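Asks: Structure: run_34.pdb, PDB, C-alpha atoms.
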```
ATOM      1  CA  MET A 104       0.000   0.000   0.000
ATOM      2  CA  HIS A 105       1.410   3.392  -1.000
ATOM      3  CA  THR A 106       1.328   6.212   1.512
ATOM      4  CA  GLU A 107       1.042   9.842   0.544
ATOM      5  CA  ALA A 108       4.650  10.380   1.681
ATOM      6  CA  SER A 109       6.003   7.558  -0.482
ATOM      7  CA  ASP A 110       4.076   8.873  -3.500
ATOM      8  CA  VAL A 111       5.700  12.271  -3.002
ATOM      9  CA  GLU A 112       9.169  10.684  -2.743
ATOM     10  CA  CYS A 113       8.673   8.801  -6.030
ATOM     11  CA  ARG A 114       7.319  11.816  -7.893
ATOM     12  CA  PRO A 115       9.826  13.421 -10.312
ATOM     13  CA  LEU A 116      11.254  16.794  -9.358
ATOM     14  CA  ARG A 117       9.420  19.823 -10.718
ATOM     15  CA  ALA A 118      11.194  21.547 -13.589
ATOM     16  CA  ASP A 119      12.374  24.429 -11.410
ATOM     17  CA  ALA A 120      13.591  22.049  -8.691
ATOM     18  CA  GLU A 121      15.517  20.017 -11.263
ATOM     19  CA  ARG A 122      17.080  23.196 -12.645
ATOM     20  CA  ASN A 123      18.200  24.134  -9.133
ATOM     21  CA  ARG A 124      19.627  20.641  -8.587
ATOM     22  CA  LEU A 125      21.675  20.868 -11.789
ATOM     23  CA  LYS A 126      22.817  24.412 -10.925
ATOM     24  CA  ILE A 127      23.992  23.188  -7.514
ATOM     25  CA  ILE A 128      25.840  20.240  -9.058
ATOM     26  CA  ALA A 129      27.505  22.488 -11.653
ATOM     27  CA  ALA A 130      28.549  24.971  -8.951
ATOM     28  CA  ALA A 131      29.932  22.218  -6.720
ATOM     29  CA  HIS A 132      31.802  20.662  -9.640
ATOM     30  CA  ALA A 133      33.448  24.004 -10.477
ATOM     31  CA  LEU A 134      34.408  24.645  -6.851
ATOM     32  CA  PHE A 135      35.833  21.140  -6.433
ATOM     33  CA  ALA A 136      38.019  21.749  -9.515
ATOM     34  CA  GLU A 137      39.215  25.112  -8.141
ATOM     35  CA  ARG A 138      39.705  24.335  -4.445
ATOM     36  CA  GLY A 139      39.482  20.585  -3.928
ATOM     37  CA  LEU A 140      36.669  18.831  -2.109
ATOM     38  CA  ASP A 141      36.849  20.812   1.140
ATOM     39  CA  VAL A 142      34.321  23.481   0.215
ATOM     40  CA  SER A 143      31.321  24.410   2.328
ATOM     41  CA  MET A 144      27.670  24.092   1.423
ATOM     42  CA  ASP A 145      27.456  27.887   1.823
ATOM     43  CA  ASP A 146      30.159  28.282  -0.829
ATOM     44  CA  VAL A 147      28.197  26.042  -3.172
ATOM     45  CA  ALA A 148      24.966  27.928  -2.551
ATOM     46  CA  GLU A 149      26.657  31.278  -3.271
ATOM     47  CA  ARG A 150      28.219  29.992  -6.511
ATOM     48  CA  ALA A 151      24.916  28.451  -7.626
ATOM     49  CA  GLY A 152      22.941  31.581  -6.800
ATOM     50  CA  VAL A 153      20.508  29.777  -4.493
ATOM     51  CA  GLY A 154      19.839  29.774  -0.774
ATOM     52  CA  VAL A 155      21.785  27.339   1.379
ATOM     53  CA  GLY A 156      18.461  25.800   2.417
ATOM     54  CA  THR A 157      17.856  24.862  -1.218
ATOM     55  CA  VAL A 158      21.219  23.083  -1.299
ATOM     56  CA  TYR A 159      20.379  21.114   1.848
ATOM     57  CA  ARG A 160      16.959  20.148   0.479
ATOM     58  CA  ARG A 161      18.650  18.478  -2.490
ATOM     59  CA  PHE A 162      21.776  17.174  -0.712
ATOM     60  CA  THR A 163      21.899  16.376   2.978
ATOM     61  CA  ASN A 164      25.673  16.935   3.343
ATOM     62  CA  ARG A 165      28.858  17.441   1.346
ATOM     63  CA  ASP A 166      29.425  13.712   0.789
ATOM     64  CA  ASP A 167      25.923  13.496  -0.683
ATOM     65  CA  LEU A 168      26.791  16.414  -2.962
ATOM     66  CA  VAL A 169      30.047  14.741  -4.056
ATOM     67  CA  THR A 170      28.008  11.659  -4.949
ATOM     68  CA  GLY A 171      25.598  13.822  -6.944
ATOM     69  CA  VAL A 172      28.430  15.397  -8.946
ATOM     70  CA  PHE A 173      29.970  11.998  -9.668
ATOM     71  CA  THR A 174      26.640  10.456 -10.671
ATOM     72  CA  GLU A 175      26.061  13.239 -13.208
ATOM     73  CA  HIS A 176      29.563  12.605 -14.570
ATOM     74  CA  LEU A 177      28.799   8.898 -14.968
ATOM     75  CA  LYS A 178      25.684   9.792 -16.955
ATOM     76  CA  ARG A 179      27.879  11.857 -19.291
ATOM     77  CA  VAL A 180      30.251   8.909 -19.672
ATOM     78  CA  ALA A 181      27.351   6.601 -20.538
ATOM     79  CA  ALA A 182      26.080   9.090 -23.131
ATOM     80  CA  ARG A 183      29.576   9.410 -24.649
ATOM     81  CA  ALA A 184      29.885   5.611 -24.736
ATOM     82  CA  ASP A 185      26.581   5.466 -26.653
ATOM     83  CA  GLU A 186      28.048   7.889 -29.203
ATOM     84  CA  ALA A 187      31.099   5.647 -29.517
ATOM     85  CA  LEU A 188      28.893   2.606 -30.138
ATOM     86  CA  ASP A 189      27.241   4.535 -32.977
ATOM     87  CA  ASP A 190      30.649   4.969 -34.639
ATOM     88  CA  PRO A 191      30.849   2.326 -37.394
ATOM     89  CA  ASP A 192      34.669   2.187 -37.112
ATOM     90  CA  PRO A 193      35.545  -0.109 -34.143
ATOM     91  CA  TRP A 194      39.033   1.339 -33.588
ATOM     92  CA  SER A 195      37.906   4.957 -33.966
ATOM     93  CA  ALA A 196      35.185   4.271 -31.379
ATOM     94  CA  VAL A 197      37.629   2.910 -28.787
ATOM     95  CA  GLU A 198      40.246   5.579 -29.494
ATOM     96  CA  GLY A 199      37.663   8.372 -29.343
ATOM     97  CA  LEU A 200      36.148   7.270 -26.046
ATOM     98  CA  LEU A 201      39.524   6.717 -24.351
ATOM     99  CA  THR A 202      40.797  10.077 -25.576
ATOM    100  CA  TRP A 203      37.664  11.882 -24.381
ATOM    101  CA  PHE A 204      37.709  10.218 -20.970
ATOM    102  CA  CYS A 205      41.448  10.772 -20.449
ATOM    103  CA  THR A 206      41.031  14.421 -21.447
ATOM    104  CA  VAL A 207      38.333  14.828 -18.802
ATOM    105  CA  MET A 208      40.483  13.079 -16.182
ATOM    106  CA  ALA A 209      43.571  15.150 -17.046
ATOM    107  CA  GLU A 210      41.910  18.552 -17.225
ATOM    108  CA  ASP A 211      39.272  18.239 -14.494
ATOM    109  CA  ARG A 212      41.246  17.805 -11.275
ATOM    110  CA  GLY A 213      38.098  18.145  -9.177
ATOM    111  CA  LEU A 214      36.662  15.077 -10.859
ATOM    112  CA  ALA A 215      39.929  13.181 -10.391
ATOM    113  CA  ALA A 216      39.784  13.966  -6.658
ATOM    114  CA  ILE A 217      36.179  12.768  -6.480
ATOM    115  CA  ILE A 218      37.006   9.467  -8.174
ATOM    116  CA  MET A 219      39.740   8.801  -5.611
ATOM    117  CA  ARG A 220      37.521   9.683  -2.643
ATOM    118  CA  ILE A 221      34.079   8.411  -3.629
ATOM    119  CA  ASP A 222      32.600   5.171  -2.300
ATOM    120  CA  HIS A 223      32.136   3.309  -5.587
ATOM    121  CA  SER A 224      29.974   0.650  -3.924
ATOM    122  CA  GLN A 225      27.083   3.036  -3.240
ATOM    123  CA  PRO A 226      23.926   1.621  -4.884
ATOM    124  CA  GLU A 227      23.188   4.867  -6.735
ATOM    125  CA  ILE A 228      26.663   4.917  -8.268
ATOM    126  CA  ASP A 229      26.857   1.180  -8.852
ATOM    127  CA  ALA A 230      23.626   1.242 -10.878
ATOM    128  CA  VAL A 231      24.882   3.972 -13.233
ATOM    129  CA  LYS A 232      28.338   2.372 -13.505
ATOM    130  CA  ALA A 233      26.805  -0.940 -14.517
ATOM    131  CA  GLY A 234      25.229   0.735 -17.540
ATOM    132  CA  PHE A 235      28.378   2.317 -18.933
ATOM    133  CA  THR A 236      30.545  -0.700 -18.021
ATOM    134  CA  SER A 237      28.401  -2.854 -20.279
ATOM    135  CA  ARG A 238      28.820  -0.280 -23.061
ATOM    136  CA  ILE A 239      32.611  -0.320 -22.692
ATOM    137  CA  GLU A 240      32.587  -4.107 -22.803
ATOM    138  CA  LYS A 241      30.573  -3.988 -26.040
ATOM    139  CA  LEU A 242      33.054  -1.520 -27.547
ATOM    140  CA  ILE A 243      36.010  -3.720 -26.650
ATOM    141  CA  ASP A 244      34.302  -6.938 -27.798
ATOM    142  CA  ARG A 245      33.405  -5.320 -31.131
ATOM    143  CA  ALA A 246      36.953  -4.018 -31.639
ATOM    144  CA  MET A 247      38.427  -7.416 -30.810
ATOM    145  CA  ALA A 248      36.040  -9.137 -33.229
ATOM    146  CA  ALA A 249      37.215  -6.689 -35.893
ATOM    147  CA  GLY A 250      40.841  -7.541 -35.115
ATOM    148  CA  VAL A 251      41.927  -4.023 -34.179
ATOM    149  CA  LEU A 252      42.603  -4.600 -30.448
ATOM    150  CA  ARG A 253      45.141  -6.957 -28.954
ATOM    151  CA  ALA A 254      43.296 -10.103 -27.915
ATOM    152  CA  ASP A 255      44.307 -10.065 -24.227
ATOM    153  CA  LEU A 256      43.012  -6.570 -23.439
ATOM    154  CA  ALA A 257      40.325  -6.633 -20.731
ATOM    155  CA  SER A 258      37.590  -4.112 -20.001
ATOM    156  CA  THR A 259      39.029  -3.584 -16.497
ATOM    157  CA  ASP A 260      42.262  -2.361 -18.134
ATOM    158  CA  VAL A 261      40.372   0.826 -18.999
ATOM    159  CA  PHE A 262      40.383   1.817 -15.319
ATOM    160  CA  GLY A 263      44.171   1.387 -15.202
ATOM    161  CA  ILE A 264      44.606   3.528 -18.316
ATOM    162  CA  PHE A 265      42.518   6.343 -16.835
ATOM    163  CA  THR A 266      44.399   6.129 -13.533
ATOM    164  CA  MET A 267      47.813   6.298 -15.230
ATOM    165  CA  ILE A 268      46.884   9.280 -17.380
ATOM    166  CA  SER A 269      45.361  11.067 -14.382
ATOM    167  CA  ALA A 270      48.569  10.551 -12.375
ATOM    168  CA  VAL A 271      50.747  11.779 -15.259
ATOM    169  CA  ALA A 272      48.547  14.852 -15.737
ATOM    170  CA  ASP A 273      48.622  15.600 -12.008
ATOM    171  CA  ALA A 274      52.424  15.642 -12.100
ATOM    172  CA  MET A 275      52.944  17.472 -15.404
ATOM    173  CA  GLU A 276      49.951  19.677 -16.198
ATOM    174  CA  PRO A 277      50.989  22.653 -14.006
ATOM    175  CA  THR A 278      54.341  23.010 -15.803
ATOM    176  CA  VAL A 279      53.898  21.278 -19.177
ATOM    177  CA  PRO A 280      50.201  21.461 -20.108
ATOM    178  CA  GLY A 281      49.102  18.712 -22.465
ATOM    179  CA  ALA A 282      52.219  16.551 -22.019
ATOM    180  CA  TRP A 283      49.984  13.704 -20.846
ATOM    181  CA  ARG A 284      48.743  13.295 -24.416
ATOM    182  CA  ARG A 285      52.086  11.709 -25.401
ATOM    183  CA  TYR A 286      51.521   8.942 -22.866
ATOM    184  CA  LEU A 287      47.967   8.392 -24.024
ATOM    185  CA  GLU A 288      49.282   8.028 -27.576
ATOM    186  CA  LEU A 289      51.823   5.456 -26.382
ATOM    187  CA  ILE A 290      49.071   3.518 -24.624
ATOM    188  CA  LEU A 291      46.779   3.609 -27.658
ATOM    189  CA  ARG A 292      49.593   2.259 -29.823
ATOM    190  CA  ALA A 293      50.273  -0.464 -27.283
ATOM    191  CA  ILE A 294      46.684  -1.757 -27.242
ATOM    192  CA  HIS A 295      46.302  -1.722 -31.031
ATOM    193  CA  ALA A 296      46.439  -5.158 -32.639
ATOM    194  CA  ASP A 297      49.189  -4.087 -35.062
ATOM    195  CA  THR A 298      51.733  -3.972 -32.227
ATOM    196  CA  ASP A 299      53.562  -6.906 -30.632
ATOM    197  CA  ASP A 300      50.865  -9.434 -29.776
ATOM    198  CA  SER A 301      52.849 -11.619 -27.391
ATOM    199  CA  PRO A 302      50.792 -12.271 -24.220
ATOM    200  CA  ILE A 303      50.960  -9.773 -21.352
ATOM    201  CA  ALA A 304      52.653 -11.460 -18.407
ATOM    202  CA  THR A 305      50.573  -9.788 -15.678
ATOM    203  CA  PRO A 306      46.884 -10.812 -15.697
ATOM    204  CA  ALA A 307      44.077  -8.261 -16.021
ATOM    205  CA  LEU A 308      42.253  -7.125 -12.895
ATOM    206  CA  THR A 309      39.119  -8.994 -11.964
ATOM    207  CA  ASP A 310      35.961  -7.013 -11.201
ATOM    208  CA  GLU A 311      36.403  -7.890  -7.517
ATOM    209  CA  GLN A 312      39.993  -6.627  -7.498
ATOM    210  CA  LEU A 313      38.936  -3.411  -9.215
ATOM    211  CA  ARG A 314      36.256  -2.766  -6.571
ATOM    212  CA  ALA A 315      38.749  -3.500  -3.777
ATOM    213  CA  ILE A 316      41.232  -0.993  -5.240
ATOM    214  CA  GLN A 317      38.548   1.675  -5.514
ATOM    215  CA  ARG A 318      37.427   1.077  -1.914
ATOM    216  CA  GLU A 319      40.998   1.278  -0.622
ATOM    217  CA  ARG A 320      41.699   4.508  -2.555
ATOM    218  CA  ALA A 321      38.504   6.052  -1.183
ATOM    219  CA  ASN A 322      39.413   5.066   2.378
ATOM    220  CA  ARG A 323      42.896   6.592   1.978
ATOM    221  CA  GLN A 324      41.370   9.952   1.038
ATOM    222  CA  ARG A 325      39.081  10.141   4.077
TER     223      ARG A 325
END
```
Would you write the structure of this file as C-alpha cells?
Replies:
Amino acid sequence: MHTEASDVECRPLRADAERNRLKIIAAAHALFAERGLDVSMDDVAERAGVGVGTVYRRFTNRDDLVTGVFTEHLKRVAARADEALDDPDPWSAVEGLLTWFCTVMAEDRGLAAIIMRIDHSQPEIDAVKAGFTSRIEKLIDRAMAAGVLRADLASTDVFGIFTMISAVADAMEPTVPGAWRRYLELILRAIHADTDDSPIATPALTDEQLRAIQRERANRQR
C-alpha cells in the first residue's frame, strides 16, 4: 500500500527544482576543480545563486553532494559511450572514447579527486556504472572481433589507463600542459592489434579486485 509520503518521494522533481539541482551540481563541480573537495555548502549555494536551504533540500551533506556530482559525470560517460557505439569504425570508437575520458580526467582535477575519494559501492553509483561498463565491454568486444585490439586486453584495463593518465597529468599539467597526451598516444599504440601481440605477463584485474582498489583509494582519502 502506498502512503502519501512515499508517492511524493517517487514523484519526479518539478522543472524548477531540477534546474536548481543541476545548478547546484555544476557549482559544486566548479568549486571542487578550483579548491578541492573541502568546500562548504554555503560556498556552493553562493556559486549556484541559491539559498543554502535549497542546497540542503537536495543534498543532505557534502558527501551526498560529491556523490551527486559523480553520478552526473557517470551519466555523461554513458552518453559518450553510446556515441562511440554509434561509430561504425571499431578502432575509432575505442580511441575516441579513451581520448575523451582521459582528457576529462587530465583537465578536471576536481573530478579526479572525487574518483579517488568516492565510495564506488554506493547503490546509486553502482547502478549507473553498470550501464556504462556494459557499453565499454561492447566496444572492446566489437573491436576485438574486428581484429583491431590486442586479444588479451580486458575491459578492467580501462580503469588502469585512466588512472595512469590522471597521475601523469597531475604531475605534469601545471608546468607542461598537455604533455599527458604523449603517454595516451603510447598507450593507444600499445593496445592496437598491429603492435607486438605476445601475451601480457601480468593478468588483467578482476571485477572484484577493481572494486577493492577503488574502496581502498577512497578510504585513503578520508
Asks: Please write the residues picked by the PyMOL selection byres ((chain A and resi 229-235) around 8) on this file as a PDB file with C-alpha atoms, in the frame of the given file.
Replies:
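For reference, result-v2.pdb as written:
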```
ATOM      1  CA  THR A 174      26.640  10.456 -10.671  1.00  0.00           C
ATOM      2  CA  LEU A 177      28.799   8.898 -14.968  1.00  0.00           C
ATOM      3  CA  LYS A 178      25.684   9.792 -16.955  1.00  0.00           C
ATOM      4  CA  VAL A 180      30.251   8.909 -19.672  1.00  0.00           C
ATOM      5  CA  ALA A 181      27.351   6.601 -20.538  1.00  0.00           C
ATOM      6  CA  ALA A 184      29.885   5.611 -24.736  1.00  0.00           C
ATOM      7  CA  HIS A 223      32.136   3.309  -5.587  1.00  0.00           C
ATOM      8  CA  SER A 224      29.974   0.650  -3.924  1.00  0.00           C
ATOM      9  CA  GLN A 225      27.083   3.036  -3.240  1.00  0.00           C
ATOM     10  CA  PRO A 226      23.926   1.621  -4.884  1.00  0.00           C
ATOM     11  CA  GLU A 227      23.188   4.867  -6.735  1.00  0.00           C
ATOM     12  CA  ILE A 228      26.663   4.917  -8.268  1.00  0.00           C
ATOM     13  CA  THR A 236      30.545  -0.700 -18.021  1.00  0.00           C
ATOM     14  CA  SER A 237      28.401  -2.854 -20.279  1.00  0.00           C
ATOM     15  CA  ARG A 238      28.820  -0.280 -23.061  1.00  0.00           C
ATOM     16  CA  ILE A 239      32.611  -0.320 -22.692  1.00  0.00           C
TER      17      ILE A 239
END
```
Asks: Edge lengths and centre in Å to one decimal, as lines of an AutoDock Vina configuration file, is what I'm after for the box along x, y and z that holds all listed atoms of segment 265-283 of chain A once 3 Å is added on each side.
Replies:
```
center_x = 48.4
center_y = 14.6
center_z = -17.2
size_x = 17.8
size_y = 22.9
size_z = 16.5
```
Asks: If I take atom CA of Ile243 of chain A and atom CA of Val172 of chain A, how far is one from the other in Å, to one decimal?
Replies: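 Atom CA of Val172 of chain A lies 27.1 Å from atom CA of Ile243 of chain A.
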Asks: Report as JSON lines: every residue of segment 258-283 of chain A with an atom at most 12 Å from segment 214-217 of chain A, its closest pair of atoms, and their distance in Å to one decimal, counting all atoms listed in the file, with rows sorted by chain and ascending residue number.
Replies:
```
{"residue": "A:Phe265", "atom": "CA", "partner": "A:Ala215", "partner_atom": "CA", "distance": 9.7}
{"residue": "A:Thr266", "atom": "CA", "partner": "A:Ala215", "partner_atom": "CA", "distance": 8.9}
{"residue": "A:Met267", "atom": "CA", "partner": "A:Ala215", "partner_atom": "CA", "distance": 11.5}
{"residue": "A:Ile268", "atom": "CA", "partner": "A:Ala215", "partner_atom": "CA", "distance": 10.6}
{"residue": "A:Ser269", "atom": "CA", "partner": "A:Ala215", "partner_atom": "CA", "distance": 7.1}
{"residue": "A:Ala270", "atom": "CA", "partner": "A:Ala215", "partner_atom": "CA", "distance": 9.2}
{"residue": "A:Val271", "atom": "CA", "partner": "A:Ala215", "partner_atom": "CA", "distance": 11.9}
{"residue": "A:Ala272", "atom": "CA", "partner": "A:Ala215", "partner_atom": "CA", "distance": 10.3}
{"residue": "A:Asp273", "atom": "CA", "partner": "A:Ala215", "partner_atom": "CA", "distance": 9.2}
```
Asks: Which one is closest to Ala148 of chain A: A:Ala293, A:Leu313, A:Leu168, A:Ala307? Count only C-alpha atoms.
Replies: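 Of all the options, A:Leu168 lies closest to Ala148 of chain A.
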Asks: Determine the residue set returned by the PyMOL selection byres ((chain A and resi 186-193) around 8) for the present structure, and present it as a list in words.
Replies: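 With the PyMOL selection byres ((chain A and resi 186-193) around 8) on this model, the match is Ala182, Arg183, Ala184, Asp185, Trp194, Ser195, Ala196, Val197, Gly199, Leu200, Arg238, Lys241, Leu242, Arg245, Ala246, Ala249 and Val251 of chain A.
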Asks: For the residues in the current selection, export C-alpha atoms as a short mmCIF file (atom, residue, chain, number, x, y, z; two decimals), in the coordinates of the input.
Replies:
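After the write, result_30.cif holds the following:
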```
data_model
loop_
_atom_site.label_atom_id
_atom_site.label_comp_id
_atom_site.auth_asym_id
_atom_site.auth_seq_id
_atom_site.Cartn_x
_atom_site.Cartn_y
_atom_site.Cartn_z
CA ALA A 182 26.08 9.09 -23.13
CA ARG A 183 29.58 9.41 -24.65
CA ALA A 184 29.88 5.61 -24.74
CA ASP A 185 26.58 5.47 -26.65
CA TRP A 194 39.03 1.34 -33.59
CA SER A 195 37.91 4.96 -33.97
CA ALA A 196 35.18 4.27 -31.38
CA VAL A 197 37.63 2.91 -28.79
CA GLY A 199 37.66 8.37 -29.34
CA LEU A 200 36.15 7.27 -26.05
CA ARG A 238 28.82 -0.28 -23.06
CA LYS A 241 30.57 -3.99 -26.04
CA LEU A 242 33.05 -1.52 -27.55
CA ARG A 245 33.40 -5.32 -31.13
CA ALA A 246 36.95 -4.02 -31.64
CA ALA A 249 37.22 -6.69 -35.89
CA VAL A 251 41.93 -4.02 -34.18
#
```
Asks: Using all atoms listed in the file, pick whichever of A:Ala296, A:Ala282, A:Ala133, A:Met208 has the shortest atom-to-atom distance to Ala248 of chain A.
Replies: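 Residue with the minimum atom-to-atom distance to Ala248 of chain A: A:Ala296.
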Asks: Could you tell me which residues the PyMOL selection byres ((chain A and resi 152-154) around 12) grabs in this file, written as a PyMOL selection string?
Replies: chain A and resi 119-120+122-131+144-151+155-161
Asks: Figure out the distance between atom CA of Ile221 of chain A and atom CA of Thr170 of chain A, please, to one decimal in Å.
Replies: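 That distance, rounded to one decimal, is 7.0 Å.
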Asks: Using all atoms listed in the file, which of A:Val279, A:Thr202, A:Asp141, A:Ile294 sits nearest Leu256 of chain A?
Replies: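 Selected residue with least distance to Leu256 of chain A: A:Ile294.
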Asks: When distances are computed from all atoms listed in the file, which of A:Ser143, A:Asn322, A:Gln317, A:Thr309 shows the smallest separation from Val169 of chain A?
Replies: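 Of A:Ser143, A:Asn322, A:Gln317, A:Thr309, the one nearest Val169 of chain A, counting all atoms listed in the file, is A:Ser143.
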Asks: Between atom CA of Arg220 of chain A and atom CA of Glu137 of chain A, what distance in Å does the model show, to one decimal?
Replies: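 Between atom CA of Arg220 of chain A and atom CA of Glu137 of chain A the gap works out to 16.5 Å.
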Asks: Could you check which of A:Ile290, A:Leu201, A:Ala118, A:Ile218 is closest to Phe135 of chain A, using all atoms listed in the file?
Replies: A:Ile218
Asks: Can you find the residues with an atom no farther than 8 Å from (37.5, -5.1, -17.8), counting all atoms listed in the file, and report them as a PyMOL selection string?
Replies: chain A and resi 240+257-262+307-310
Asks: Using all atoms listed in the file for the distances, tell me which of A:Arg292, A:Met219, A:Ala136, A:Asp255 is nearest to Pro306 of chain A.
Replies: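 Under the stated criterion, the closest residue is A:Asp255.
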Asks: Name all residues at most 9 Å from Ala254 of chain A (count only C-alpha atoms; drop same-chain ones fewer than 4 positions away) and give them as a VMD selection string.
Replies: chain A and resid 247 250 296 300 302
